[in-house]
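K.L.:
Structure below; questions to follow.
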Amino acid sequence: MRLSGPLNNAALLFLLVLLPVPPIQSQQNTAIPTFQSTTTLVFLDVTVVDKKGHVITSGLTKDDFSITEDKRPQHIFSFEAPEAHTNKKHATDDTPDGSAPTTIFLLDQLNSSLEDFSFLRDQMQKYLEAQPAHLAAPAEFMLLGNRTLELLQGYTRSRDDLLFALKHVPTAIPYKNIAAFKDERFFQSIQALQQIALQNNGVTGRKNIIWIGPGGPGTALALRNIYSVEKLERFAHQTTNMLVDARISLFLIFPGLKVQEVNALLGSNTADTTTGLDPFGGDINFGAFVNETGGKLFYNENDVDELIRQSQRMGGQYYTLTYQPTESGSPTDADGKFRRIRVTLRDPNLQVITKAGYYAPDEAHPIDAEKQTILNVSQAVQSSIPYTGLGMKVDSIVRHPESRTANVTVIVQSKNIHWESSEDGKSIANLIFLAVSFSSTHQILASKLQGIAFSATTQDQGALAHLNLRTSITLRLPYNTRSIRIAAQTEDGGSLGATDLNGQAINSLSVTAPPTLSR
């Protein structure tokens, strides 16, 4: 899974960040299904607007719509009007039910300056404080930081839970907002979309990501060698399909400086000043995911709280159409090509906003090993199946009640771990960890995905097989946390392990850290 050439930066993706760990230093074959994109039934969530941009929510029927895929007419299989998209569960239920769309708030610290990030957080707080205490539909809150994407609050209808998580965003300087880190931010930002898609692939109904911040910068393929171009294009195509398959639309709120001013700040000697921080810059860009998923880009506007409201209105008032792609002309061939979708209305004064299409499966390039590993641990952490390929246990928990977080110390037995020898006589093993806090109904309340590199001072295989590897993961423990599960797998897709803690075990292993000074 090593990428060569200009793609070496992919090793620094937020999902696979290699953090140095001091060298304190029963495989079970469990079948893991592989991720495959499918287009047997295509879902189209369609927002209809008039010439003034007002959302139309009534008066249209199935017969008012026409669909083509690659210019071939498609038969509409099913139709739902906006009134069908209301939450049917009990008013206190936080679990998405597939009727009303859910919202994923993402605060972009990675691509923001320190001043801009403070402004964005204040604007999100302003928006949330204006909402009713009990939200109309569940929402969750994620933070994209310098190294990781973290779920700070899982799906909830409580405005106060979201506000609490927002007010306790970890303090960090977004140091990568310069030209030297442009490639890293490009990969980290798109990988964040992939992780959100993986997490929500099993959640029925429409999901709307409201990305508050600049989003990842674009990249120009002309600056890459041929090998890298192929990798990058496949990377982008997989991301589009993962979002489309999960029924996720991306709404990007890009506030602040104009692109020309940003490029001037980056300096004229930058290798690629044409893309700068522009989400539409370059051949592969963040703005494309907005178009391809049926969302909207709000560009260089600073009334962020109002733009969040607009995003929720557009993402919450829509018609749903489905169709099965025809076989005529072999549009369903697994050739990896883009299938362009066009939806039109009988009334020419109305326009639609929906996803632009999807990429057909590509038999020549199945999902790569790193994404399969991430999918493996994501599935393992939500399963009740015991995974014993890696011996794991939680050694201690240090709780921080003022922020509802905990530092969880995990010990992993090194048996069944593949070690790589380094030139200095040491050995390195790379593992991916996913830690999750669950409610009593097994709803995900918070999660942390982290790649960690362990180092040992020996290359003796016998000695390496008997090490106990110790690391610490910081995880949010919302007030209604009833259990924790931590899963880990070797980075090369090898041995997989998991450990569980119920409420009693969490309390028995916990100590409370002294309160820290508030900011």
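Chain lettering (A, B, ...) mirrors the order of the structure tokens, residue numbering begins at 1 for each chain separately, and ligand numbering begins at 1 in order of display.
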Just the residues within 7 Å of range 239-244 of chain A, please, counting only C-alpha atoms, with nothing from its chain fewer than 4 positions along; format it as an MDAnalysis selection string.

P.N.:
chainID A and resid 37 194 197 235 248 289 292:293 358:359

K.L.:
Keeping N, CA and C atoms, export the residues of the selection given above as a PDB file, in the first residue's frame.

P.N.:
```pdb
ATOM      1  N   SER A  37     -18.830  -0.617  -5.090  1.00  0.00           N
ATOM      2  CA  SER A  37     -19.841   0.345  -5.515  1.00  0.00           C
ATOM      3  C   SER A  37     -20.855  -0.357  -6.407  1.00  0.00           C
ATOM      4  N   GLN A 194     -14.340  10.431   2.373  1.00  0.00           N
ATOM      5  CA  GLN A 194     -14.446   8.977   2.271  1.00  0.00           C
ATOM      6  C   GLN A 194     -14.825   8.359   3.613  1.00  0.00           C
ATOM      7  N   ALA A 197     -18.430   8.891   4.362  1.00  0.00           N
ATOM      8  CA  ALA A 197     -19.240   7.977   3.543  1.00  0.00           C
ATOM      9  C   ALA A 197     -19.235   6.572   4.133  1.00  0.00           C
ATOM     10  N   PHE A 235      -8.574   7.837  -7.221  1.00  0.00           N
ATOM     11  CA  PHE A 235      -8.836   8.311  -5.864  1.00  0.00           C
ATOM     12  C   PHE A 235     -10.086   9.193  -5.851  1.00  0.00           C
ATOM     13  N   ILE A 248     -25.125  10.907   0.122  1.00  0.00           N
ATOM     14  CA  ILE A 248     -24.604  12.084   0.819  1.00  0.00           C
ATOM     15  C   ILE A 248     -24.459  13.234  -0.169  1.00  0.00           C
ATOM     16  N   PHE A 289     -16.926  17.604  -5.975  1.00  0.00           N
ATOM     17  CA  PHE A 289     -17.730  16.728  -5.125  1.00  0.00           C
ATOM     18  C   PHE A 289     -19.049  17.401  -4.744  1.00  0.00           C
ATOM     19  N   GLU A 292     -21.120  16.809  -8.008  1.00  0.00           N
ATOM     20  CA  GLU A 292     -21.412  15.400  -8.272  1.00  0.00           C
ATOM     21  C   GLU A 292     -22.340  14.784  -7.232  1.00  0.00           C
ATOM     22  N   THR A 293     -22.494  15.434  -6.070  1.00  0.00           N
ATOM     23  CA  THR A 293     -23.373  14.888  -5.034  1.00  0.00           C
ATOM     24  C   THR A 293     -24.671  15.679  -4.884  1.00  0.00           C
ATOM     25  N   TYR A 358     -22.337   9.333 -11.537  1.00  0.00           N
ATOM     26  CA  TYR A 358     -21.522   8.406 -10.756  1.00  0.00           C
ATOM     27  C   TYR A 358     -20.538   7.737 -11.703  1.00  0.00           C
ATOM     28  N   TYR A 359     -19.531   7.113 -11.132  1.00  0.00           N
ATOM     29  CA  TYR A 359     -18.558   6.370 -11.936  1.00  0.00           C
ATOM     30  C   TYR A 359     -18.915   4.892 -11.913  1.00  0.00           C
TER      31      TYR A 359
END
```

K.L.:
Select from range 483-513 of chain A every residue with an atom at most 9 Å from any atom of range 415-424 of chain A, then for each give the shortest pair of atoms and their distance in Å to one decimal, using only C-alpha atoms, rows by chain and rising number, as a tab-separated table.

P.N.:
```
residue	atom	partner	partner_atom	distance
A:Gln489	CA	A:Ile417	CA	8.9
A:Thr490	CA	A:Ile417	CA	6.7
A:Asp492	CA	A:His418	CA	8.4
A:Gly494	CA	A:Ile417	CA	7.7
A:Ser495	CA	A:Asn416	CA	6.3
```

K.L.:
Kindly export the residues of the current selection with all heavy atoms, as a PDB file, in the first residue's frame.

P.N.:
```
ATOM      1  N   GLN A 489      -6.249  -3.100  13.326  1.00  0.00           N
ATOM      2  CA  GLN A 489      -5.771  -4.031  12.305  1.00  0.00           C
ATOM      3  C   GLN A 489      -4.422  -3.535  11.814  1.00  0.00           C
ATOM      4  O   GLN A 489      -4.167  -2.327  11.766  1.00  0.00           O
ATOM      5  CB  GLN A 489      -6.747  -4.138  11.136  1.00  0.00           C
ATOM      6  CG  GLN A 489      -6.345  -5.221  10.114  1.00  0.00           C
ATOM      7  CD  GLN A 489      -7.406  -5.445   9.045  1.00  0.00           C
ATOM      8  OE1 GLN A 489      -8.124  -4.537   8.670  1.00  0.00           O
ATOM      9  NE2 GLN A 489      -7.517  -6.678   8.558  1.00  0.00           N
ATOM     10  N   THR A 490      -3.572  -4.487  11.459  1.00  0.00           N
ATOM     11  CA  THR A 490      -2.297  -4.081  10.880  1.00  0.00           C
ATOM     12  C   THR A 490      -2.554  -3.359   9.565  1.00  0.00           C
ATOM     13  O   THR A 490      -3.492  -3.672   8.832  1.00  0.00           O
ATOM     14  CB  THR A 490      -1.378  -5.301  10.652  1.00  0.00           C
ATOM     15  OG1 THR A 490      -2.079  -6.260   9.864  1.00  0.00           O
ATOM     16  CG2 THR A 490      -0.978  -5.919  11.969  1.00  0.00           C
ATOM     17  N   ASP A 492      -1.341  -3.437   6.742  1.00  0.00           N
ATOM     18  CA  ASP A 492      -1.313  -4.204   5.502  1.00  0.00           C
ATOM     19  C   ASP A 492      -2.530  -5.117   5.359  1.00  0.00           C
ATOM     20  O   ASP A 492      -2.573  -5.985   4.492  1.00  0.00           O
ATOM     21  CB  ASP A 492      -0.026  -5.029   5.418  1.00  0.00           C
ATOM     22  CG  ASP A 492       0.152  -5.972   6.606  1.00  0.00           C
ATOM     23  OD1 ASP A 492      -0.747  -6.022   7.476  1.00  0.00           O
ATOM     24  OD2 ASP A 492       1.208  -6.645   6.682  1.00  0.00           O
ATOM     25  N   GLY A 494      -3.715  -7.261   7.642  1.00  0.00           N
ATOM     26  CA  GLY A 494      -3.500  -8.571   8.264  1.00  0.00           C
ATOM     27  C   GLY A 494      -4.400  -8.805   9.459  1.00  0.00           C
ATOM     28  O   GLY A 494      -5.628  -8.720   9.382  1.00  0.00           O
ATOM     29  N   SER A 495      -3.787  -9.068  10.596  1.00  0.00           N
ATOM     30  CA  SER A 495      -4.531  -9.476  11.782  1.00  0.00           C
ATOM     31  C   SER A 495      -5.430  -8.358  12.301  1.00  0.00           C
ATOM     32  O   SER A 495      -5.085  -7.180  12.258  1.00  0.00           O
ATOM     33  CB  SER A 495      -3.555  -9.898  12.878  1.00  0.00           C
ATOM     34  OG  SER A 495      -2.721 -10.947  12.419  1.00  0.00           O
TER      35      SER A 495
END
```

K.L.:
Can you list every residue of range 350-429 of chain A that has an atom at most 8 Å from range 466-474 of chain A, with its nearest atom pair and the distance in Å to one decimal, using only C-alpha atoms, ordered by chain then number, as CSV?

P.N.:
```
residue,atom,partner,partner_atom,distance
A:Thr405,CA,A:Thr474,CA,6.9
A:Ala406,CA,A:Thr474,CA,5.6
A:Asn407,CA,A:Thr474,CA,4.4
A:Val408,CA,A:Ile473,CA,5.2
A:Thr409,CA,A:Ser472,CA,4.3
A:Val410,CA,A:Thr471,CA,5.5
A:Ile411,CA,A:Arg470,CA,4.6
A:Val412,CA,A:Leu469,CA,5.0
A:Gln413,CA,A:Asn468,CA,4.8
A:Ser414,CA,A:Leu467,CA,5.3
A:Lys415,CA,A:His466,CA,6.4
```

K.L.:
Could you pull the residues within 7 Å of Val304 in chain A, counting only C-alpha atoms, minus those fewer than 3 positions along the same chain, as a VMD selection string?

P.N.:
chain A and resid 123 307 to 308

K.L.:
Nearest to Val203 in chain A among A:Lys51, A:His168, A:Arg147, A:Arg247, with distances taken over only C-alpha atoms: which residue is it?

P.N.:
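Under the stated criterion, the closest residue is A:Arg247.
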
K.L.:
In Å, rounded to a single decimal, give me how far CA of Pro255 in chain A is from CA of Tyr175 in chain A.

P.N.:
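Computing it gives 18.7 Å between the two atoms.
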
K.L.:
Give me, as a list in words, all polymer residues having an atom no more than 8 Å from Val42 in chain A, counting only C-alpha atoms and skipping those fewer than 5 positions away in the same chain.

P.N.:
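Once the adjacent positions are removed, what remains is Thr322, Tyr323, Gln324 and Pro325 of chain A.
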
K.L.:
Write to file, as a PDB file, in the first residue's frame, the residues of the selection just made, with C-alpha atoms.

P.N.:
```pdb
ATOM      1  CA  THR A 322     -35.103   6.251  -8.405  1.00  0.00           C
ATOM      2  CA  TYR A 323     -34.335   4.387 -11.615  1.00  0.00           C
ATOM      3  CA  GLN A 324     -32.524   1.274 -12.789  1.00  0.00           C
ATOM      4  CA  PRO A 325     -29.946   2.024 -15.531  1.00  0.00           C
TER       5      PRO A 325
END
```
